[in-house]
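Visitor: Have a look at this one before I ask anything.
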There are 2 protein chains.
Amino acid sequence: MVASSFQIKSNIIVLQLNKEPTFQDVKNSSNRIASFVHNTPVLASRSIDSKVNGEIYFKCENFQKTGSFKMRGASNAVLSLTEEEKKYGVVTVSSGNHGAALAHAATMNKIESYVVTPKSTNPVKIQAMKQYGAELIFCDSTIESRESTFQKIQKETGAAPIHPFNDYRVIAGAGTAALELLDKINELDIILVPVGGGGLVSGTGIVGSHLISKFKLIGVEADIADYGRQSLLNGKIIPSDYPDTLADGLRATVGKITFPIIRKHISEILTVSEDEIMQSMRFIWERVKIIVEPSSAVTLAAIFKYSEKFSGKKTGVILSGGNVDLSQIKW
Amino acid sequence: MVASSFQIKSNIIVLQLNKEPTFQDVKNSSNRIASFVHNTPVLASRSIDSKVNGEIYFKCENFQKTGSFKMRGASNAVLSLTEEEKKYGVVTVSSGNHGAALAHAATMNKIESYVVTPKSTNPVKIQAMKQYGAELIFCDSTIESRESTFQKIQKETGAAPIHPFNDYRVIAGAGTAALELLDKINELDIILVPVGGGGLVSGTGIVGSHLISKFKLIGVEADIADYGRQSLLNGKIIPSDYPDTLADGLRATVGKITFPIIRKHISEILTVSEDEIMQSMRFIWERVKIIVEPSSAVTLAAIFKYSEKFSGKKTGVILSGGNVDLSQIKW
């Protein structure tokens with residue numbers, strides 16, 4: 001086993017070093033979290049392949065524990081804590097998948113988790129976070145309220161902050177999905193991932209650029225939440241105003257830590273409409289027979305919309321999660 | 001390889017022999033259809049296991065080609081045809097999964113398929129059957145109209161009839177799902193399957209009783225379509241009046257060929273209400289993140305309803321299919 005600063009030092013030191021995770025960090029993360037996450041299956045669909053005239057491989061993180069890839073980064077962060085840090089638990093702000101994943105990772109390691117969440121959060125997701133053991137603290141939906149509530153709770157509890165994406169441990173953990181994908185299907189021409197805060201795309205870029213000699217990392221955003229694309233075009237982070245896209249996992253903009261990594265690895269960011277997201281989500285449910293959430297379905301929407309980019313190519317897609325509120329559906 | 005009458009003779013001879021398929025027939029069928037079907041994955045869910053306090057393994061035939069286990073029996077029947085029979089194609093009556101499977105199996109083997117289907121058949125299923133290459137012949141919904149239209153088409157075309165379940169080749173093919181399940185998860189205490197015409201439960205019984213020294217084969221039906229249960233209780237086949245259960249794959253009653261096999265192997269048939277079917281279908285979608293149809297969801301409904309039977313046990317469940325008409329859903 002190769003020693004690395006990431007493996008032998010605590011996360012604090014890594015953060016101080018401000019060091020972009022390396023491929024080896026992702027490998028170490030993969031070993032660290034192995035017994036806490038599923039090595040999820042990779043599925044293919046003939047009907048999609050023939051529609052696109054290419055090969056599409058879906059890495060099914062919707063089958064991941066807590067229903068999304070967030071379990072990878074959350075587990076890696078929790079398992080990287082020092083014994084001293086563990087005493088005070090972990091704290092984050094989340095209205096969804098990261099909160100549930102962090103709570104589950106913390107509970108499995110017998111430490112406390114505090115999740116600051118807007119009052120407006122979907123009741124199903126609130127219930128999930130509670131069920132996984134989170135202590136929930138409600139705030140208003142504004143960025144100011146989230147931030148001040150978070151600061152207050154962090155100060156009161158002394159808990160270690162674990163940001164949903166702007167965190168080296170979380171990025172290294174997120175990269176393990178691509179590691180597993182490339183272990184099963186190698187020599188991909190393209191890896192396609194949804195872009196929210198950029199944790200998944202950063203981790204995927206680190207892994208893909210190390211394992212594949214020539215590949216394109218392509219991101220996808222909702223038309224009405226294209227902060228990553230705008231940020232790339234402007235060379236600086238364009239803030240999000242948290243628009244009401246169906247792809248609720250992609251409402252954030254890229255972070256200070258993820259943005260430089262994304263710029264280094266990504267080829268482009270494609271965008272899709274709300275209607276295209278809904279259509280492609282339904283297509284996956286109907287043809288692949290799996291439940292994915294809108295934030296994952298953006299990828300297939302992009303494949304259909306820009307099919308010329310994927311024709312004749314071998315594309316890996318990370319289906320990031322499957323947490324849909326089915327109570328919203330009328331049968 | 002062991003020779004058997006099933007393997008070396010044509011289906012006609014098998015039918016004449018009126019011989020119940022043996023375990024070896026299922027094994028031969030498995031080899032015969034290997035390149036025409038998927039070896040589908042087996043999934044487990046911690047949340048379901050802990051709810052039941054037992055181990056539940058789901059054999060995911062919803063991921064099978066054409067979206068249901070019917071592809072197994074249809075492929076085996078088509079591949080068992082003589083060269084002479086192949087010239088005239090195959091014919092069946094179906095309003096759903098068997099029609100699509102037979103059409104696909106026939107098209108892959110470059111032979112014609114005629115599917116007699118009621119005018120009232122779901123448009124999505126009609127489209128699927130067409131897409132797979134079926135020549136559709138519409139009839140009225142009555143049993144008389146189905147039967148007379150079928151006879152007429154069979155006479156006109158000379159096509160070989162392949163019944164959805166009352167056919168030895170179809171039963172042997174259906175049994176291959178249990179063969180794959182037991183190859184992955186052995187020593188099951190219970191195998192749980194939905195009961196419609198009884199093809200799946202017959203094939204499963206033949207395999208289970210051969211491979212497991214002590215096990216219970218349990219069937220599930222909808223309360224309002226419990227013809228299998230009634231037939232077992234009365235010792236004779238109770239006809240179906242094709243009730244409007246959500247579990248549209250389970251509207252038929254057991255057949256002359258399947259009934260004696262079922263009687264030999266089955267422990268009991270449980271029944272569940274329409275509401276329990278819907279609740280458990282939603283539970284699978286939400287927690288296991290896969291799309292199954294109501295006819296498959298009856299199994300989980302039975303596990304929840306009669307949980308004492310499954311507590312502390314290792315149960316294999318065949319999730320028979322995933323063809324749901326999502327256009328019925330309002331988002």
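Convention: chains lettered A, B, ... in structure tokens order; per-chain residue numbering from 1; ligands numbered from 1 as shown.
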With a distance threshold of 7 Å and counting only C-alpha atoms, extract the residues of chain B near chain A and express them as a PDB file with N, CA and C atoms, in the first residue's frame.

Guide:
ATOM      1  N   ASN B  62     -37.696  -8.158 -14.113  1.00  0.00           N
ATOM      2  CA  ASN B  62     -38.102  -6.884 -14.724  1.00  0.00           C
ATOM      3  C   ASN B  62     -36.995  -6.360 -15.639  1.00  0.00           C
ATOM      4  N   PHE B  63     -35.754  -6.788 -15.387  1.00  0.00           N
ATOM      5  CA  PHE B  63     -34.628  -6.407 -16.256  1.00  0.00           C
ATOM      6  C   PHE B  63     -34.470  -7.364 -17.444  1.00  0.00           C
ATOM      7  N   TRP B 285     -40.421   0.474  -5.714  1.00  0.00           N
ATOM      8  CA  TRP B 285     -39.915   1.593  -6.524  1.00  0.00           C
ATOM      9  C   TRP B 285     -39.059   2.530  -5.661  1.00  0.00           C
ATOM     10  N   LYS B 289     -35.476   0.952  -5.747  1.00  0.00           N
ATOM     11  CA  LYS B 289     -35.147   1.827  -6.896  1.00  0.00           C
ATOM     12  C   LYS B 289     -35.272   1.104  -8.226  1.00  0.00           C
ATOM     13  N   ILE B 290     -36.189   0.149  -8.279  1.00  0.00           N
ATOM     14  CA  ILE B 290     -36.434  -0.519  -9.548  1.00  0.00           C
ATOM     15  C   ILE B 290     -37.924  -0.474  -9.875  1.00  0.00           C
ATOM     16  N   ILE B 291     -38.214  -0.515 -11.177  1.00  0.00           N
ATOM     17  CA  ILE B 291     -39.598  -0.511 -11.634  1.00  0.00           C
ATOM     18  C   ILE B 291     -40.075  -1.957 -11.770  1.00  0.00           C
ATOM     19  N   GLY B 322     -41.527  -5.821 -15.386  1.00  0.00           N
ATOM     20  CA  GLY B 322     -41.486  -4.386 -15.096  1.00  0.00           C
ATOM     21  C   GLY B 322     -42.190  -3.528 -16.126  1.00  0.00           C
ATOM     22  N   GLN B 328     -49.969   6.517 -17.546  1.00  0.00           N
ATOM     23  CA  GLN B 328     -51.109   6.575 -16.626  1.00  0.00           C
ATOM     24  C   GLN B 328     -50.807   7.458 -15.417  1.00  0.00           C
ATOM     25  N   ILE B 329     -49.534   7.805 -15.275  1.00  0.00           N
ATOM     26  CA  ILE B 329     -49.119   8.551 -14.096  1.00  0.00           C
ATOM     27  C   ILE B 329     -49.159  10.053 -14.362  1.00  0.00           C
ATOM     28  N   LYS B 330     -49.717  10.800 -13.412  1.00  0.00           N
ATOM     29  CA  LYS B 330     -49.685  12.275 -13.487  1.00  0.00           C
ATOM     30  C   LYS B 330     -48.610  12.758 -12.516  1.00  0.00           C
ATOM     31  N   TRP B 331     -47.702  13.546 -13.012  1.00  0.00           N
ATOM     32  CA  TRP B 331     -46.573  13.974 -12.183  1.00  0.00           C
ATOM     33  C   TRP B 331     -46.860  15.311 -11.500  1.00  0.00           C
TER      34      TRP B 331
END

Visitor: For Ser311 (chain B), find every residue with an atom within 10 Å (counting only C-alpha atoms), except residues of its own chain fewer than 2 positions away, and show them as a ChimeraX atom specification.

Guide: /B:49-56,303,306-309,313-315

Visitor: Quick one: DSSP alpha helix (DSSP H) residues in region 92-331 of chain B, as a PyMOL selection string?

Guide: chain B and resi 97-108+123-131+143-157+168-174+176-184+199-211+227-234+258-265+274-283+294-305

Visitor: Just C-alpha atoms for this one: save the residues we selected as a compact mmCIF listing (two decimals), in the first residue's frame.

Guide:
# COMPACT_ATOMS: atom_id res chain seq x y z
CA ASN B 97 -45.86 -9.72 -21.84
CA HIS B 98 -46.04 -13.13 -23.52
CA GLY B 99 -46.99 -11.54 -26.84
CA ALA B 100 -44.02 -9.16 -26.72
CA ALA B 101 -41.66 -11.94 -25.66
CA LEU B 102 -42.84 -14.34 -28.34
CA ALA B 103 -42.59 -11.66 -31.02
CA HIS B 104 -39.05 -10.79 -29.94
CA ALA B 105 -37.93 -14.43 -29.74
CA ALA B 106 -39.46 -15.11 -33.16
CA THR B 107 -37.93 -12.03 -34.80
CA MET B 108 -34.48 -12.85 -33.40
CA PRO B 123 -51.75 0.91 -26.27
CA VAL B 124 -48.24 0.79 -24.78
CA LYS B 125 -48.26 -3.01 -24.89
CA ILE B 126 -49.67 -2.99 -28.43
CA GLN B 127 -46.84 -0.70 -29.48
CA ALA B 128 -44.29 -2.97 -27.77
CA MET B 129 -45.58 -6.09 -29.51
CA LYS B 130 -45.48 -4.30 -32.88
CA GLN B 131 -41.99 -3.01 -32.20
CA ILE B 143 -62.91 -15.66 -24.27
CA GLU B 144 -64.99 -16.88 -27.24
CA SER B 145 -63.66 -14.16 -29.53
CA ARG B 146 -60.06 -14.80 -28.45
CA GLU B 147 -60.43 -18.51 -29.04
CA SER B 148 -62.22 -18.30 -32.41
CA THR B 149 -59.83 -15.64 -33.75
CA PHE B 150 -56.88 -17.70 -32.62
CA GLN B 151 -58.26 -20.85 -34.33
CA LYS B 152 -58.91 -18.91 -37.53
CA ILE B 153 -55.41 -17.42 -37.68
CA GLN B 154 -53.77 -20.70 -36.78
CA LYS B 155 -55.65 -22.44 -39.58
CA GLU B 156 -54.92 -19.71 -42.12
CA THR B 157 -51.22 -19.48 -41.37
CA TYR B 168 -44.17 -27.80 -21.64
CA ARG B 169 -41.54 -25.79 -23.47
CA VAL B 170 -42.78 -22.56 -21.90
CA ILE B 171 -42.80 -24.11 -18.42
CA ALA B 172 -39.26 -25.46 -18.83
CA GLY B 173 -38.12 -22.02 -20.02
CA ALA B 174 -39.81 -20.26 -17.11
CA THR B 176 -34.61 -21.14 -15.78
CA ALA B 177 -35.21 -18.03 -13.66
CA ALA B 178 -35.21 -20.15 -10.49
CA LEU B 179 -32.15 -22.02 -11.79
CA GLU B 180 -30.20 -18.75 -12.01
CA LEU B 181 -31.53 -17.57 -8.66
CA LEU B 182 -30.39 -20.76 -6.90
CA ASP B 183 -27.06 -20.60 -8.66
CA LYS B 184 -26.43 -17.28 -6.89
CA GLY B 199 -46.10 -21.33 -15.90
CA LEU B 200 -43.63 -19.57 -13.63
CA VAL B 201 -44.69 -21.37 -10.48
CA SER B 202 -44.58 -24.75 -12.27
CA GLY B 203 -41.07 -24.22 -13.61
CA THR B 204 -39.93 -22.88 -10.25
CA GLY B 205 -41.36 -25.90 -8.44
CA ILE B 206 -39.54 -28.34 -10.73
CA VAL B 207 -36.23 -26.57 -10.12
CA GLY B 208 -36.66 -25.84 -6.42
CA SER B 209 -37.72 -29.38 -5.48
CA HIS B 210 -34.70 -30.78 -7.31
CA LEU B 211 -32.07 -28.40 -5.92
CA TYR B 227 -58.33 -18.87 -9.12
CA GLY B 228 -55.19 -20.84 -8.34
CA ARG B 229 -55.98 -20.87 -4.64
CA GLN B 230 -59.60 -21.85 -5.29
CA SER B 231 -58.50 -24.54 -7.72
CA LEU B 232 -56.14 -26.03 -5.13
CA LEU B 233 -58.87 -25.99 -2.48
CA ASN B 234 -61.43 -27.59 -4.79
CA THR B 258 -49.71 -26.37 -15.08
CA PHE B 259 -52.30 -27.38 -12.47
CA PRO B 260 -51.00 -30.91 -11.76
CA ILE B 261 -47.42 -29.59 -11.53
CA ILE B 262 -48.48 -26.82 -9.17
CA ARG B 263 -50.39 -29.28 -6.95
CA LYS B 264 -47.31 -31.43 -6.67
CA HIS B 265 -44.92 -28.70 -5.60
CA GLU B 274 -55.50 -4.24 -4.59
CA ASP B 275 -54.42 -1.62 -2.08
CA GLU B 276 -51.68 -3.88 -0.72
CA ILE B 277 -50.44 -4.47 -4.27
CA MET B 278 -50.22 -0.73 -4.93
CA GLN B 279 -48.52 0.01 -1.60
CA SER B 280 -45.90 -2.67 -2.06
CA MET B 281 -45.24 -1.69 -5.67
CA ARG B 282 -44.55 1.82 -4.50
CA PHE B 283 -42.34 0.46 -1.72
CA PRO B 294 -48.24 -4.82 -10.06
CA SER B 295 -48.19 -8.53 -11.00
CA SER B 296 -44.69 -8.71 -9.47
CA ALA B 297 -45.44 -6.53 -6.46
CA VAL B 298 -47.96 -9.05 -5.13
CA THR B 299 -44.99 -10.97 -3.73
CA LEU B 300 -43.72 -8.18 -1.50
CA ALA B 301 -47.30 -7.41 -0.50
CA ALA B 302 -47.57 -11.01 0.73
CA ILE B 303 -44.26 -10.76 2.57
CA PHE B 304 -45.46 -7.69 4.46
CA LYS B 305 -48.96 -9.08 5.08

Visitor: At a cut-off of 9 Å, using only C-alpha atoms, what residues contact Phe215 (chain A)? Leave out same-chain residues fewer than 2 positions from it and give the result as a ChimeraX atom specification.

Guide: /A:187-191,208-209,212-213,217

Visitor: Mind writing the picked residues with C-alpha atoms as a short mmCIF file (atom, residue, chain, number, x, y, z; two decimals), in the first residue's frame?

Guide:
data_model
loop_
_atom_site.label_atom_id
_atom_site.label_comp_id
_atom_site.auth_asym_id
_atom_site.auth_seq_id
_atom_site.Cartn_x
_atom_site.Cartn_y
_atom_site.Cartn_z
CA GLU A 187 -11.47 2.47 -22.51
CA LEU A 188 -14.45 4.75 -22.36
CA ASP A 189 -14.42 7.62 -24.87
CA ILE A 190 -16.64 9.83 -22.75
CA ILE A 191 -17.73 10.04 -19.13
CA GLY A 208 -10.71 9.45 -15.69
CA SER A 209 -7.66 11.52 -16.61
CA ILE A 212 -7.81 6.74 -19.70
CA SER A 213 -5.26 8.09 -22.13
CA LEU A 217 -15.33 14.49 -19.43
#

Visitor: Give me, please, the distance in Å between CA of His38 (chain B) and CA of Ser68 (chain B), quoted to one decimal.

Guide: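 Distance between the two atoms: 10.6 Å.
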
Visitor: What does the distance between CA of Leu79 (chain B) and CA of Tyr114 (chain B) come to in Å, to one decimal place?

Guide: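 These two atoms are separated by 16.5 Å.
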
Visitor: Determine which residues of region 174-311 of chain A DSSP labels as strand (DSSP E or B) from the backbone of this structure, then write them out as a PyMOL selection string.

Guide: chain A and resi 190-194+216-222+266-272+290

Visitor: Just give me the gap between CA of Ile269 (chain A) and CA of Asn122 (chain A) in Å, one decimal is fine.

Guide: 28.1 Å
